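Coordinates as given in start.txt (compact mmCIF, C-alpha atoms):
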```txt
# COMPACT_ATOMS: atom_id res chain seq x y z
CA MET Z 1 -3.95 -95.62 48.60
CA SER Z 2 -7.44 -96.09 49.98
CA GLN Z 3 -10.77 -97.62 49.06
CA LYS Z 4 -14.18 -97.49 50.76
CA ARG Z 5 -17.19 -99.50 49.66
CA THR Z 6 -20.83 -98.55 50.00
CA PHE Z 7 -23.12 -100.41 52.37
CA ARG Z 8 -23.53 -103.99 51.07
CA GLY Z 9 -21.87 -102.87 47.83
CA GLU Z 10 -25.06 -101.15 46.70
CA PHE Z 11 -24.93 -98.71 43.78
CA ARG Z 12 -25.41 -95.64 45.98
CA LEU Z 13 -22.97 -93.41 44.05
CA PRO Z 14 -24.38 -93.18 40.52
CA PRO Z 15 -22.46 -90.73 38.30
CA THR Z 16 -25.19 -88.10 38.09
CA ARG Z 17 -24.35 -84.41 37.82
CA GLU Z 18 -25.63 -83.71 41.35
CA LEU Z 19 -23.74 -86.53 43.03
CA THR Z 20 -20.58 -85.76 41.10
CA GLN Z 21 -20.68 -82.20 42.43
CA ILE Z 22 -21.30 -83.40 45.98
CA LEU Z 23 -18.47 -85.92 45.88
CA GLU Z 24 -15.98 -83.57 44.23
CA TYR Z 25 -16.73 -80.83 46.74
CA ALA Z 26 -16.43 -83.22 49.70
CA LEU Z 27 -13.21 -84.71 48.32
CA ALA Z 28 -11.62 -81.31 47.73
CA TYR Z 29 -12.69 -80.05 51.16
CA ALA Z 30 -11.34 -83.15 52.91
CA ALA Z 31 -8.01 -82.89 51.12
CA GLN Z 32 -7.75 -79.18 51.93
CA GLN Z 33 -8.57 -79.67 55.61
CA SER Z 34 -6.25 -82.64 56.13
CA GLY Z 35 -3.29 -81.64 53.99
CA VAL Z 36 -3.55 -84.83 51.91
CA LEU Z 37 -2.08 -84.49 48.41
CA LEU Z 38 -4.20 -86.33 45.85
CA HIS Z 39 -2.50 -88.01 42.88
CA GLU Z 40 -5.46 -89.85 41.32
CA PHE Z 41 -9.02 -90.57 42.38
CA PHE Z 42 -12.07 -92.35 41.03
CA VAL Z 43 -15.56 -92.86 42.42
CA ILE Z 44 -17.54 -95.65 40.80
CA SER Z 45 -21.11 -96.53 41.73
CA ASN Z 46 -20.30 -98.65 44.78
CA HIS Z 47 -16.84 -97.59 45.98
CA ASP Z 48 -14.15 -94.93 45.80
CA HIS Z 49 -10.39 -95.01 45.21
CA GLU Z 50 -7.75 -92.42 46.08
CA VAL Z 51 -4.01 -92.49 45.55
CA PHE Z 52 -2.44 -89.82 47.72
CA THR Z 53 0.48 -88.68 49.84
CA ASP Z 54 -0.16 -87.94 53.50
CA PRO Z 55 2.65 -85.56 54.53
CA GLU Z 56 1.10 -84.69 57.91
CA ALA Z 57 -0.05 -88.23 58.81
CA ARG Z 58 -3.71 -87.15 58.81
CA ALA Z 59 -5.24 -89.72 56.47
CA PRO Z 60 -7.87 -90.80 59.05
CA GLU Z 61 -9.05 -87.20 59.20
CA PHE Z 62 -9.21 -87.06 55.41
CA TRP Z 63 -11.34 -90.22 55.26
CA GLN Z 64 -13.61 -89.09 58.08
CA ILE Z 65 -14.30 -85.68 56.53
CA PHE Z 66 -14.79 -86.98 52.99
CA HIS Z 67 -16.99 -89.94 53.82
CA ALA Z 68 -19.06 -88.14 56.45
CA LEU Z 69 -19.73 -85.10 54.25
CA ALA Z 70 -20.53 -87.26 51.23
CA ALA Z 71 -22.89 -89.50 53.20
CA ARG Z 72 -24.82 -86.68 54.82
CA ALA Z 73 -25.11 -84.66 51.61
CA ILE Z 74 -26.15 -87.64 49.47
CA ASN Z 75 -28.73 -88.71 52.06
CA ALA Z 76 -30.06 -85.15 52.08
CA HIS Z 77 -30.18 -85.17 48.27
CA PHE Z 78 -32.24 -88.37 48.24
CA ASP Z 79 -34.13 -87.53 51.46
CA GLU Z 80 -32.90 -90.76 53.03
CA GLY Z 81 -31.36 -91.71 56.34
CA ASP Z 82 -29.81 -95.09 55.61
CA SER Z 83 -26.10 -95.87 55.85
CA LEU Z 84 -24.22 -94.90 52.71
CA TRP Z 85 -20.87 -96.52 53.45
CA SER Z 86 -19.94 -100.01 54.58
CA THR Z 87 -19.36 -100.47 58.29
CA LEU Z 88 -16.01 -102.08 57.44
CA PRO Z 89 -13.01 -99.77 57.83
CA VAL Z 90 -11.33 -98.03 54.92
CA ASN Z 91 -9.16 -100.42 52.95
CA SER Z 92 -5.81 -98.65 52.88
CA GLN Z 93 -2.29 -99.59 51.94
CA VAL Z 94 1.07 -97.88 51.90
CA LEU Z 95 2.65 -97.95 48.45
CA GLN Z 96 6.27 -98.86 49.06
CA SER Z 97 7.96 -97.95 45.77
CA PRO Z 98 7.53 -95.67 42.74
CA SER Z 99 6.73 -98.70 40.57
CA VAL Z 100 3.89 -99.71 42.89
CA VAL Z 101 2.59 -96.13 42.89
CA TRP Z 102 2.66 -96.20 39.08
CA ASP Z 103 0.66 -99.41 38.98
CA LYS Z 104 -1.97 -98.02 41.37
CA LEU Z 105 -2.32 -94.79 39.36
CA LEU Z 106 -3.29 -96.84 36.31
CA TYR Z 107 -5.47 -99.20 38.34
CA THR Z 108 -7.41 -96.26 39.78
CA LEU Z 109 -7.99 -94.59 36.42
CA ASN Z 110 -9.23 -97.82 34.85
CA GLN Z 111 -11.98 -98.62 37.36
CA SER Z 112 -14.81 -98.19 34.86
CA VAL Z 113 -13.01 -100.27 32.24
CA ASP Z 114 -12.30 -103.05 34.71
CA ALA Z 115 -15.99 -103.02 35.66
CA ALA Z 116 -16.92 -103.40 31.96
CA ILE Z 117 -18.78 -100.09 31.92
CA THR Z 118 -16.66 -97.98 29.57
CA HIS Z 119 -14.17 -99.00 26.87
CA TYR Z 120 -11.73 -96.25 27.82
CA PRO Z 121 -10.90 -94.57 31.17
CA GLY Z 122 -11.74 -91.10 29.87
CA GLN Z 123 -15.33 -92.10 29.10
CA TRP Z 124 -16.41 -92.21 32.74
CA GLU Z 125 -18.74 -89.25 33.35
CA GLY Z 126 -18.63 -89.30 37.15
CA VAL Z 127 -15.88 -88.47 39.61
CA THR Z 128 -12.40 -89.09 38.19
CA SER Z 129 -9.07 -87.31 38.04
CA TRP Z 130 -8.57 -88.32 34.40
CA LYS Z 131 -8.98 -84.83 32.96
CA LEU Z 132 -6.99 -82.99 35.62
CA GLU Z 133 -3.45 -81.73 35.18
CA TYR Z 134 -0.89 -81.57 37.98
CA GLY Z 135 -1.24 -78.35 39.97
CA VAL Z 136 -4.12 -77.02 37.87
CA PRO Z 137 -7.25 -76.80 40.02
CA LYS Z 138 -10.80 -77.58 39.04
CA VAL Z 139 -13.13 -75.10 40.74
CA VAL Z 140 -16.12 -76.86 42.29
CA LYS Z 141 -19.16 -74.88 43.45
CA ARG Z 142 -20.70 -75.63 46.82
CA PRO Z 143 -23.72 -77.91 46.21
CA ALA Z 144 -27.12 -76.43 46.97
CA VAL Z 145 -28.03 -79.37 49.21
CA PHE Z 146 -26.82 -79.85 52.80
CA PHE Z 147 -23.52 -77.92 52.86
CA ASP Z 148 -23.41 -75.08 55.38
CA SER Z 149 -23.30 -71.56 53.94
CA ARG Z 150 -20.20 -70.95 56.07
CA MET Z 151 -18.30 -73.47 53.98
CA PRO Z 152 -16.48 -72.06 50.92
CA GLU Z 153 -18.74 -71.06 48.05
CA THR Z 154 -16.18 -72.59 45.71
CA ILE Z 155 -13.29 -74.94 46.37
CA GLU Z 156 -10.34 -76.14 44.31
CA LEU Z 157 -9.99 -79.84 43.52
CA MET Z 158 -6.44 -80.59 42.45
CA ILE Z 159 -4.04 -83.45 41.87
CA HIS Z 160 -0.32 -83.34 42.57
CA ARG Z 161 2.58 -85.06 40.92
CA PRO Z 162 3.57 -88.17 42.91
CA ALA Z 163 7.10 -87.89 44.23
CA ASP Z 164 9.85 -90.09 42.74
CA VAL Z 165 7.69 -91.37 39.87
CA ARG Z 166 9.50 -90.98 36.53
CA PRO Z 167 11.81 -88.11 37.61
CA ASP Z 168 13.14 -88.04 34.03
CA LEU Z 169 9.85 -86.46 32.90
CA ASP Z 170 8.46 -83.00 33.57
CA ASP Z 171 4.89 -82.57 34.83
CA VAL Z 172 3.30 -82.36 31.37
CA GLU Z 173 5.25 -85.36 30.09
CA LEU Z 174 4.45 -87.43 33.16
CA ARG Z 175 0.73 -86.70 32.95
CA ALA Z 176 0.75 -87.69 29.27
CA ALA Z 177 2.69 -90.86 30.12
CA VAL Z 178 0.19 -91.83 32.83
CA ARG Z 179 -2.73 -91.37 30.44
CA ALA Z 180 -0.99 -93.30 27.64
CA ALA Z 181 -0.16 -96.18 29.97
CA ALA Z 182 -3.72 -96.23 31.32
CA GLN Z 183 -5.06 -96.39 27.77
CA HIS Z 184 -2.72 -99.25 26.97
CA GLN Z 185 -3.79 -101.10 30.10
CA ALA Z 186 -7.43 -100.50 29.17
CA GLY Z 187 -6.79 -102.34 25.91
CA ASP Z 188 -5.50 -105.36 27.82
CA ILE Z 189 -8.55 -105.27 30.10
CA ARG Z 190 -10.92 -105.04 27.12
CA ARG Z 191 -9.35 -108.03 25.45
CA GLU Z 192 -9.61 -110.07 28.64
CA ILE Z 193 -13.28 -109.15 29.09
CA GLN Z 194 -14.07 -109.94 25.47
CA SER Z 195 -12.25 -113.28 25.70
CA GLN Z 196 -14.69 -114.18 28.48
CA GLY Z 197 -17.63 -113.46 26.18
CA ARG Z 198 -18.64 -110.41 28.16
CA GLY Z 199 -19.59 -106.98 26.84
CA PHE Z 200 -19.50 -103.39 28.03
CA ILE Z 201 -22.71 -101.90 29.42
CA GLY Z 202 -21.91 -98.22 28.74
CA MET Z 203 -22.56 -95.13 30.85
CA GLU Z 204 -26.31 -95.05 30.32
```
In structure tokens, write the structure found in this file.
Amino acid sequence: MSQKRTFRGEFRLPPTRELTQILEYALAYAAQQSGVLLHEFFVISNHDHEVFTDPEARAPEFWQIFHALAARAINAHFDEGDSLWSTLPVNSQVLQSPSVVWDKLLYTLNQSVDAAITHYPGQWEGVTSWKLEYGVPKVVKRPAVFFDSRMPETIELMIHRPADVRPDLDDVELRAAVRAAAQHQAGDIRREIQSQGRGFIGME
């Protein structure tokens, strides 16, 4: 699992249509080039999360490609030259058991709920794996800004079933179980936020 924050935690990754396309294309390209198998991902306005398997031990290459492409394309989109990402290294951890993987899948999907933005994980309109099914690609067009014409005109963004997680379930059942558990966890998060007298700000 990995996380990278923006420079000084600034909201440099707003969930606009243009930035969503840039980030999805960069994420898919980085995964394709490095051989990383994505299980869940989420990009909120000031950081990203990915749960993945790294069968070829090339995670540093994945991070470098994704973050460099995203930074250069987003700076080109805004006509800026400032740092997009924090100078601190990627925060990464090895998930040692299927139960820990399960917990991090739900944690990743609930980023916008935990941040008191949306009431449910599926309401986030930016970059998230929530709507994806295992092995079914989402085709992402190459953004008009920055990306070289020699790069693929379209690329497939896909999530893969995490190994050893609920082997009693088939792919469809597991995906449904992950979503149901994330929804249940979102309810717990909502109640905790409301008990603190806080509200949800919504996508707008």
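Considering the residues Z:Trp102, Z:Phe78, Z:Phe66, Z:Phe52 and counting all atoms listed in the file, Tyr25 in chain Z has its shortest atom-to-atom contact with Z:Phe66.
You can rank Z:Ala73, Z:Leu19, Z:Val139, Z:Ala181 by their closest distance to Thr154 in chain Z using all atoms listed in the file, and at the top of that list sits Z:Val139.
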> Around (-30.2, -83.6, 40.9) in the file's own coordinates, what residues are found within 12 Å if you use all atoms listed in the file, given back as a list in words?
Replying inline: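 In the file's frame, the residues around the point are Pro14, Pro15, Thr16, Arg17, Glu18, Leu19, Thr20, Gln21, Ile22, Ala73, Ile74, Ala76, His77, Phe78, Asp79, Pro143, Ala144 and Val145 of chain Z.
What separates CA of Val51 in chain Z from CA of Gln93 in chain Z is a distance of 9.7 Å.
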> Which is closer to Phe41 in chain Z than all the others in Z:Phe146, Z:Leu23, Z:Gly197, Z:Asp164, using all atoms listed in the file?
Replying inline: Z:Leu23
>> Counting all atoms listed in the file, I want the residues whose atoms come within 8 Å of (-2.3, -79.4, 41.2) in the file frame, returned as a ChimeraX atom specification.
In response: /Z:133-137,158-161
>> Just the number, please: distance in Å from CA of Ser97 in chain Z to CA of Lys131 in chain Z, one decimal.
In response: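 Atom-to-atom, CA of Ser97 in chain Z and CA of Lys131 in chain Z are spaced 25.0 Å apart.
Here CA of Pro98 in chain Z and CA of Pro162 in chain Z stand 8.5 Å from one another.
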>> I need the residue nearest Arg198 in chain Z from this list: Z:Asp171, Z:Glu80, Z:Asp114, Z:Glu10. Use only C-alpha atoms for the distance.
In response: Z:Asp114
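Minimum atom-to-atom distance to Gly199 in chain Z, evaluated using only C-alpha atoms, belongs to Z:Ile117 out of Z:Ile117, Z:Glu24, Z:Arg150, Z:Gly187.
Restricting the calculation to only C-alpha atoms, the smallest distance between His49 in chain Z and any of Z:Gln3, Z:Gln183, Z:Thr128, Z:Ser112 is found for Z:Gln3.
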> Skipping near chain neighbours, those fewer than 4 positions away, what residues fall within 10 Å of Gln111 in chain Z using all atoms listed in the file, listed as a PyMOL selection string?
Replying inline: chain Z and resi 41-44+47-49+106-107+115-118+120-121+124+128+186
